[in-house]
file entry.cif (mmCIF, C-alpha atoms and all ligand atoms)
data_protein
loop_
_atom_site.group_PDB
_atom_site.id
_atom_site.type_symbol
_atom_site.label_atom_id
_atom_site.label_comp_id
_atom_site.auth_asym_id
_atom_site.auth_seq_id
_atom_site.Cartn_x
_atom_site.Cartn_y
_atom_site.Cartn_z
ATOM 1 C CA MET R 1 1.445 -12.944 -14.395
ATOM 2 C CA ALA R 2 4.827 -12.273 -12.991
ATOM 3 C CA ILE R 3 6.721 -11.193 -9.932
ATOM 4 C CA ARG R 4 8.122 -7.697 -10.313
ATOM 5 C CA GLU R 5 11.154 -6.237 -8.612
ATOM 6 C CA ILE R 6 10.262 -4.288 -5.473
ATOM 7 C CA ARG R 7 12.013 -0.926 -5.354
ATOM 8 C CA THR R 8 13.600 -0.040 -2.043
ATOM 9 C CA MET R 9 14.126 3.177 -0.125
ATOM 10 C CA GLY R 10 16.646 5.382 -1.885
ATOM 11 C CA ASP R 11 15.076 4.696 -5.280
ATOM 12 C CA GLU R 12 13.767 8.006 -6.609
ATOM 13 C CA VAL R 13 10.594 6.422 -7.958
ATOM 14 C CA LEU R 14 9.346 6.084 -4.362
ATOM 15 C CA THR R 15 9.433 9.856 -3.872
ATOM 16 C CA LYS R 16 7.288 10.841 -6.865
ATOM 17 C CA THR R 17 3.607 11.681 -7.121
ATOM 18 C CA CYS R 18 1.692 9.087 -9.154
ATOM 19 C CA LYS R 19 -0.692 9.896 -11.996
ATOM 20 C CA GLU R 20 -4.367 9.052 -12.091
ATOM 21 C CA VAL R 21 -5.520 6.045 -14.081
ATOM 22 C CA LYS R 22 -7.914 7.269 -16.767
ATOM 23 C CA MET R 23 -8.900 3.941 -18.310
ATOM 24 C CA MET R 24 -8.279 0.258 -17.838
ATOM 25 C CA THR R 25 -5.969 -1.131 -20.478
ATOM 26 C CA PRO R 26 -4.633 -4.681 -20.915
ATOM 27 C CA ARG R 27 -1.285 -3.372 -19.747
ATOM 28 C CA MET R 28 -2.834 -1.926 -16.580
ATOM 29 C CA ALA R 29 -4.714 -5.190 -15.920
ATOM 30 C CA ILE R 30 -1.444 -7.134 -16.151
ATOM 31 C CA LEU R 31 0.206 -4.647 -13.813
ATOM 32 C CA ILE R 32 -2.529 -5.263 -11.203
ATOM 33 C CA GLU R 33 -2.148 -9.063 -11.510
ATOM 34 C CA ASP R 34 1.615 -8.717 -11.172
ATOM 35 C CA MET R 35 1.250 -6.431 -8.147
ATOM 36 C CA LEU R 36 -0.926 -9.051 -6.410
ATOM 37 C CA ASP R 37 1.568 -11.819 -7.257
ATOM 38 C CA THR R 38 4.453 -9.681 -6.054
ATOM 39 C CA MET R 39 2.695 -8.773 -2.799
ATOM 40 C CA TYR R 40 1.795 -12.403 -2.003
ATOM 41 C CA GLU R 41 5.269 -13.653 -2.930
ATOM 42 C CA ALA R 42 6.820 -11.069 -0.578
ATOM 43 C CA GLN R 43 4.229 -11.896 2.108
ATOM 44 C CA GLY R 44 3.153 -8.292 2.357
ATOM 45 C CA VAL R 45 -0.327 -7.004 3.138
ATOM 46 C CA GLY R 46 -0.181 -4.174 0.624
ATOM 47 C CA LEU R 47 1.689 -2.878 -2.384
ATOM 48 C CA ALA R 48 1.487 0.380 -4.322
ATOM 49 C CA ALA R 49 2.391 0.723 -8.009
ATOM 50 C CA PRO R 50 5.443 2.968 -7.422
ATOM 51 C CA GLN R 51 6.953 0.127 -5.374
ATOM 52 C CA VAL R 52 7.256 -1.803 -8.637
ATOM 53 C CA GLY R 53 8.413 1.316 -10.489
ATOM 54 C CA VAL R 54 5.106 2.399 -12.039
ATOM 55 C CA LEU R 55 3.907 5.934 -11.288
ATOM 56 C CA ARG R 56 0.178 5.216 -11.366
ATOM 57 C CA ARG R 57 -2.402 5.544 -8.594
ATOM 58 C CA ILE R 58 -2.945 1.822 -8.024
ATOM 59 C CA VAL R 59 -2.824 -0.068 -4.734
ATOM 60 C CA VAL R 60 -3.382 -3.705 -3.832
ATOM 61 C CA ILE R 61 -4.073 -4.827 -0.270
ATOM 62 C CA ASP R 62 -4.835 -8.137 1.404
ATOM 63 C CA VAL R 63 -4.969 -8.205 5.174
ATOM 64 C CA GLY R 64 -6.129 -11.826 5.116
ATOM 65 C CA GLU R 65 -9.675 -11.148 3.935
ATOM 66 C CA GLY R 66 -9.044 -11.392 0.198
ATOM 67 C CA PRO R 67 -7.546 -8.984 -2.305
ATOM 68 C CA ILE R 68 -8.617 -5.348 -2.486
ATOM 69 C CA ILE R 69 -7.724 -3.354 -5.586
ATOM 70 C CA LEU R 70 -7.830 0.426 -5.331
ATOM 71 C CA ILE R 71 -7.476 2.632 -8.394
ATOM 72 C CA ASN R 72 -7.268 6.393 -7.834
ATOM 73 C CA PRO R 73 -8.095 5.943 -4.121
ATOM 74 C CA GLU R 74 -9.219 8.869 -2.006
ATOM 75 C CA ILE R 75 -9.655 8.927 1.749
ATOM 76 C CA LEU R 76 -13.163 10.200 2.530
ATOM 77 C CA GLU R 77 -13.215 9.925 6.275
ATOM 78 C CA THR R 78 -11.000 8.929 9.187
ATOM 79 C CA SER R 79 -11.534 8.586 12.897
ATOM 80 C CA GLY R 80 -9.823 7.341 16.008
ATOM 81 C CA GLU R 81 -6.166 6.579 16.442
ATOM 82 C CA GLN R 82 -3.901 3.539 16.575
ATOM 83 C CA THR R 83 -0.216 3.448 17.356
ATOM 84 C CA GLY R 84 1.849 0.454 16.429
ATOM 85 C CA ASP R 85 4.701 -1.007 14.456
ATOM 86 C CA GLU R 86 4.567 -0.673 10.714
ATOM 87 C CA GLY R 87 6.774 -2.143 8.009
ATOM 88 C CA CYS R 88 7.116 -1.729 4.271
ATOM 89 C CA LEU R 89 8.273 -4.058 1.512
ATOM 90 C CA SER R 90 10.391 -1.134 0.268
ATOM 91 C CA VAL R 91 12.186 -0.933 3.631
ATOM 92 C CA PRO R 92 12.994 -4.624 4.102
ATOM 93 C CA GLY R 93 13.790 -6.033 7.540
ATOM 94 C CA LYS R 94 12.811 -2.844 9.362
ATOM 95 C CA ALA R 95 9.861 -1.573 11.339
ATOM 96 C CA GLY R 96 8.895 1.550 13.203
ATOM 97 C CA CYS R 97 6.099 2.904 15.336
ATOM 98 C CA VAL R 98 3.512 5.008 13.464
ATOM 99 C CA THR R 99 0.233 6.547 14.603
ATOM 100 C CA ARG R 100 -2.617 6.218 12.104
ATOM 101 C CA PRO R 101 -6.386 6.609 12.237
ATOM 102 C CA ASN R 102 -8.137 3.476 13.499
ATOM 103 C CA TYR R 103 -10.971 3.843 10.997
ATOM 104 C CA VAL R 104 -10.621 4.872 7.371
ATOM 105 C CA LYS R 105 -13.253 5.152 4.655
ATOM 106 C CA VAL R 106 -11.874 5.060 1.116
ATOM 107 C CA LYS R 107 -13.414 5.699 -2.274
ATOM 108 C CA ALA R 108 -11.713 4.196 -5.327
ATOM 109 C CA LEU R 109 -12.306 2.494 -8.639
ATOM 110 C CA ASP R 110 -12.080 -1.276 -8.897
ATOM 111 C CA GLU R 111 -10.420 -3.222 -11.723
ATOM 112 C CA ASN R 112 -13.561 -2.630 -13.851
ATOM 113 C CA MET R 113 -13.228 1.121 -13.246
ATOM 114 C CA GLU R 114 -16.391 1.084 -11.158
ATOM 115 C CA GLU R 115 -16.618 3.172 -8.026
ATOM 116 C CA ILE R 116 -16.350 1.301 -4.772
ATOM 117 C CA VAL R 117 -16.227 2.390 -1.142
ATOM 118 C CA TYR R 118 -14.339 0.478 1.542
ATOM 119 C CA GLU R 119 -14.355 0.944 5.276
ATOM 120 C CA GLY R 120 -11.440 -0.418 7.251
ATOM 121 C CA GLU R 121 -10.495 -0.649 10.888
ATOM 122 C CA GLY R 122 -7.240 -1.568 12.557
ATOM 123 C CA LEU R 123 -4.740 -3.152 10.177
ATOM 124 C CA LEU R 124 -6.873 -2.445 7.105
ATOM 125 C CA ALA R 125 -7.196 1.241 8.043
ATOM 126 C CA ARG R 126 -3.421 1.342 8.525
ATOM 127 C CA ALA R 127 -2.854 -0.327 5.149
ATOM 128 C CA PHE R 128 -5.132 2.166 3.365
ATOM 129 C CA CYS R 129 -3.163 5.104 4.794
ATOM 130 C CA HIS R 130 0.255 3.535 4.223
ATOM 131 C CA GLU R 131 -0.409 2.542 0.617
ATOM 132 C CA ILE R 132 -2.133 5.801 -0.368
ATOM 133 C CA ASP R 133 0.875 7.679 1.072
ATOM 134 C CA HIS R 134 3.058 5.781 -1.438
ATOM 135 C CA LEU R 135 1.030 7.305 -4.293
ATOM 136 C CA ASP R 136 2.123 10.753 -3.146
ATOM 137 C CA GLY R 137 5.758 9.772 -2.727
ATOM 138 C CA HIS R 138 5.693 9.264 1.040
ATOM 139 C CA LEU R 139 7.158 6.406 3.062
ATOM 140 C CA TYR R 140 6.135 5.487 6.611
ATOM 141 C CA VAL R 141 9.681 6.223 7.787
ATOM 142 C CA GLU R 142 8.821 9.948 7.612
ATOM 143 C CA LYS R 143 6.174 9.372 10.295
ATOM 144 C CA VAL R 144 8.015 7.048 12.644
ATOM 145 C CA GLU R 145 7.935 7.926 16.328
ATOM 146 C CA GLY R 146 11.285 7.039 17.843
ATOM 147 C CA GLU R 147 13.713 4.791 16.033
ATOM 148 C CA ILE R 148 13.320 2.546 13.054
ATOM 149 C CA HIS R 149 14.430 -0.861 14.269
ATOM 150 C CA ASP R 150 15.368 -4.193 12.782
ATOM 151 C CA VAL R 151 12.591 -6.740 12.704
ATOM 152 C CA THR R 152 13.592 -9.304 15.308
ATOM 153 C CA TYR R 153 12.691 -12.956 15.408
ATOM 154 C CA GLU R 154 9.752 -12.331 17.770
ATOM 155 C CA ASP R 155 8.308 -9.847 15.285
ATOM 156 C CA GLU R 156 8.451 -12.256 12.385
ATOM 157 C CA GLU R 157 4.688 -12.627 12.314
ATOM 158 C CA MET R 158 4.325 -8.881 11.897
ATOM 159 C CA GLU R 159 2.768 -7.793 8.659
ATOM 160 C CA GLU R 160 4.851 -5.832 6.228
ATOM 161 C CA GLU R 161 2.924 -3.394 4.126
HETATM 162 ZN ZN ZN R 201 5.013 0.498 1.887
#

call {"tool": "encode", "arguments": {"input": "entry.cif", "output": "structure tokens", "more": "lines below"}}
Ligand code: ZN
result
Amino acid sequence: MAIREIRTMGDEVLTKTCKEVKMMTPRMAILIEDMLDTMYEAQGVGLAAPQVGVLRRIVVIDVGEGPIILINPEILETSGEQTGDEGCLSVPGKAGCVTRPNYVKVKALDENMEEIVYEGEGLLARAFCHEIDHLDGHLYVEKVEGEIHDVTYEDEEMEEE
């Protein structure tokens, strides 16, 4: 297990489309462990593989309810709307207002390559959308309403995804 370097906006790797994972390999399992370590170390609530420079469709999320690992995730269903500040470990110290669905149902494979379905509301729904966007080379900054602003002291508790 190891902490990997988090790529930041401007790095080309964040603009690419990631490839599907066809099978679990020891190398892929280590990547997932490292992604979790890296996310927790950076105090984020989510991390996508391209953020550590790997163009594979893998996401890890923990909104405080334990780790979720998504391999080849697909959004099946969304509903509702939420508008609020969003951050990203690849855009450090910044946040911006983004509208996302308030409910998201996701299908993915887990670390054993078994199909799993998650339903998320609120922050978890936001994290699903944000992280899956990374797999297609998109950053939340493309969706910000108004200005991207510096995270101020009062916002310090805000989750970075
Ligand atoms: Zn992000």

call {"tool": "resolve_selection", "arguments": {"input": "entry.cif", "expression": "the PyMOL selection byres (((chain R and resi 59-76) around 6) and not hetatm)", "output": "short mmCIF file (atom, residue, chain, number, x, y, z; two decimals) with C-alpha atoms, in the coordinates of the input"}}
result
data_model
loop_
_atom_site.label_atom_id
_atom_site.label_comp_id
_atom_site.auth_asym_id
_atom_site.auth_seq_id
_atom_site.Cartn_x
_atom_site.Cartn_y
_atom_site.Cartn_z
CA GLU R 20 -4.37 9.05 -12.09
CA VAL R 45 -0.33 -7.00 3.14
CA GLY R 46 -0.18 -4.17 0.62
CA LEU R 47 1.69 -2.88 -2.38
CA ALA R 48 1.49 0.38 -4.32
CA ARG R 57 -2.40 5.54 -8.59
CA ILE R 58 -2.94 1.82 -8.02
CA GLU R 77 -13.22 9.93 6.28
CA LYS R 105 -13.25 5.15 4.66
CA VAL R 106 -11.87 5.06 1.12
CA LYS R 107 -13.41 5.70 -2.27
CA ALA R 108 -11.71 4.20 -5.33
CA LEU R 109 -12.31 2.49 -8.64
CA ASP R 110 -12.08 -1.28 -8.90
#

call {"tool": "closest_atom_pairs", "arguments": {"input": "entry.cif", "of": "chain R", "to": "ligand ZN 201 (chain R)", "cutoff": "7 Å", "atoms": "all atoms listed in the file", "output": "Markdown table"}}
result
| residue | atom | partner | partner_atom | distance |
| --- | --- | --- | --- | --- |
| R:Leu47 | CA | R:ZN201 | ZN | 6.4 |
| R:Gly87 | CA | R:ZN201 | ZN | 6.9 |
| R:Cys88 | CA | R:ZN201 | ZN | 3.9 |
| R:Leu89 | CA | R:ZN201 | ZN | 5.6 |
| R:Ser90 | CA | R:ZN201 | ZN | 5.8 |
| R:His130 | CA | R:ZN201 | ZN | 6.1 |
| R:Glu131 | CA | R:ZN201 | ZN | 5.9 |
| R:His134 | CA | R:ZN201 | ZN | 6.5 |
| R:Leu139 | CA | R:ZN201 | ZN | 6.4 |
| R:Tyr140 | CA | R:ZN201 | ZN | 7.0 |
| R:Glu161 | CA | R:ZN201 | ZN | 5.0 |

call {"tool": "atom_distance", "arguments": {"input": "entry.cif", "atom1": "CA of Gly122 in chain R", "atom2": "CA of Asp34 in chain R"}}
result
26.3 Å

call {"tool": "residues_around", "arguments": {"input": "entry.cif", "residues": "range 8-17 of chain R", "least_positions_apart": "3", "cutoff": "8 Å", "atoms": "only C-alpha atoms", "output": "CSV table (one decimal) with C-alpha atoms, in the coordinates of the input"}}
result
chain,number,residue,atom,x,y,z
R,50,PRO,CA,5.4,3.0,-7.4
R,51,GLN,CA,7.0,0.1,-5.4
R,53,GLY,CA,8.4,1.3,-10.5
R,54,VAL,CA,5.1,2.4,-12.0
R,55,LEU,CA,3.9,5.9,-11.3
R,89,LEU,CA,8.3,-4.1,1.5
R,90,SER,CA,10.4,-1.1,0.3
R,91,VAL,CA,12.2,-0.9,3.6
R,92,PRO,CA,13.0,-4.6,4.1
R,134,HIS,CA,3.1,5.8,-1.4
R,135,LEU,CA,1.0,7.3,-4.3
R,136,ASP,CA,2.1,10.8,-3.1
R,137,GLY,CA,5.8,9.8,-2.7
R,138,HIS,CA,5.7,9.3,1.0
R,139,LEU,CA,7.2,6.4,3.1

call {"tool": "closest_residue", "arguments": {"input": "entry.cif", "among": "R:Met35, R:Ala95, R:Gln43, R:Val52", "to": "Thr152 in chain R", "atoms": "only C-alpha atoms"}}
result
R:Ala95

call {"tool": "atom_distance", "arguments": {"input": "entry.cif", "atom1": "CA of Ile132 in chain R", "atom2": "CA of Thr25 in chain R"}}
result
21.6 Å

call {"tool": "atom_distance", "arguments": {"input": "entry.cif", "atom1": "CA of Ile116 in chain R", "atom2": "CA of Glu81 in chain R"}}
result
24.1 Å

call {"tool": "resolve_selection", "arguments": {"input": "entry.cif", "expression": "the PyMOL selection byres (((chain R and resi 98) around 12) and not hetatm)", "output": "list in words"}}
result
Glu81, Gln82, Thr83, Gly84, Asp85, Glu86, Gly87, Cys88, Ala95, Gly96, Cys97, Thr99, Arg100, Pro101, Asn102, Arg126, Ala127, Cys129, His130, Leu139, Tyr140, Val141, Glu142, Lys143, Val144, Glu145, Gly146, Glu147 and Ile148 of chain R

call {"tool": "closest_residue", "arguments": {"input": "entry.cif", "among": "R:Met23, R:Gly44, R:Thr78, R:Asp133", "to": "Gly120 in chain R", "atoms": "only C-alpha atoms"}}
result
R:Thr78

call {"tool": "closest_residue", "arguments": {"input": "entry.cif", "among": "R:Val117, R:Arg56, R:Val104, R:Gly93", "to": "Val21 in chain R", "atoms": "all atoms listed in the file"}}
result
R:Arg56
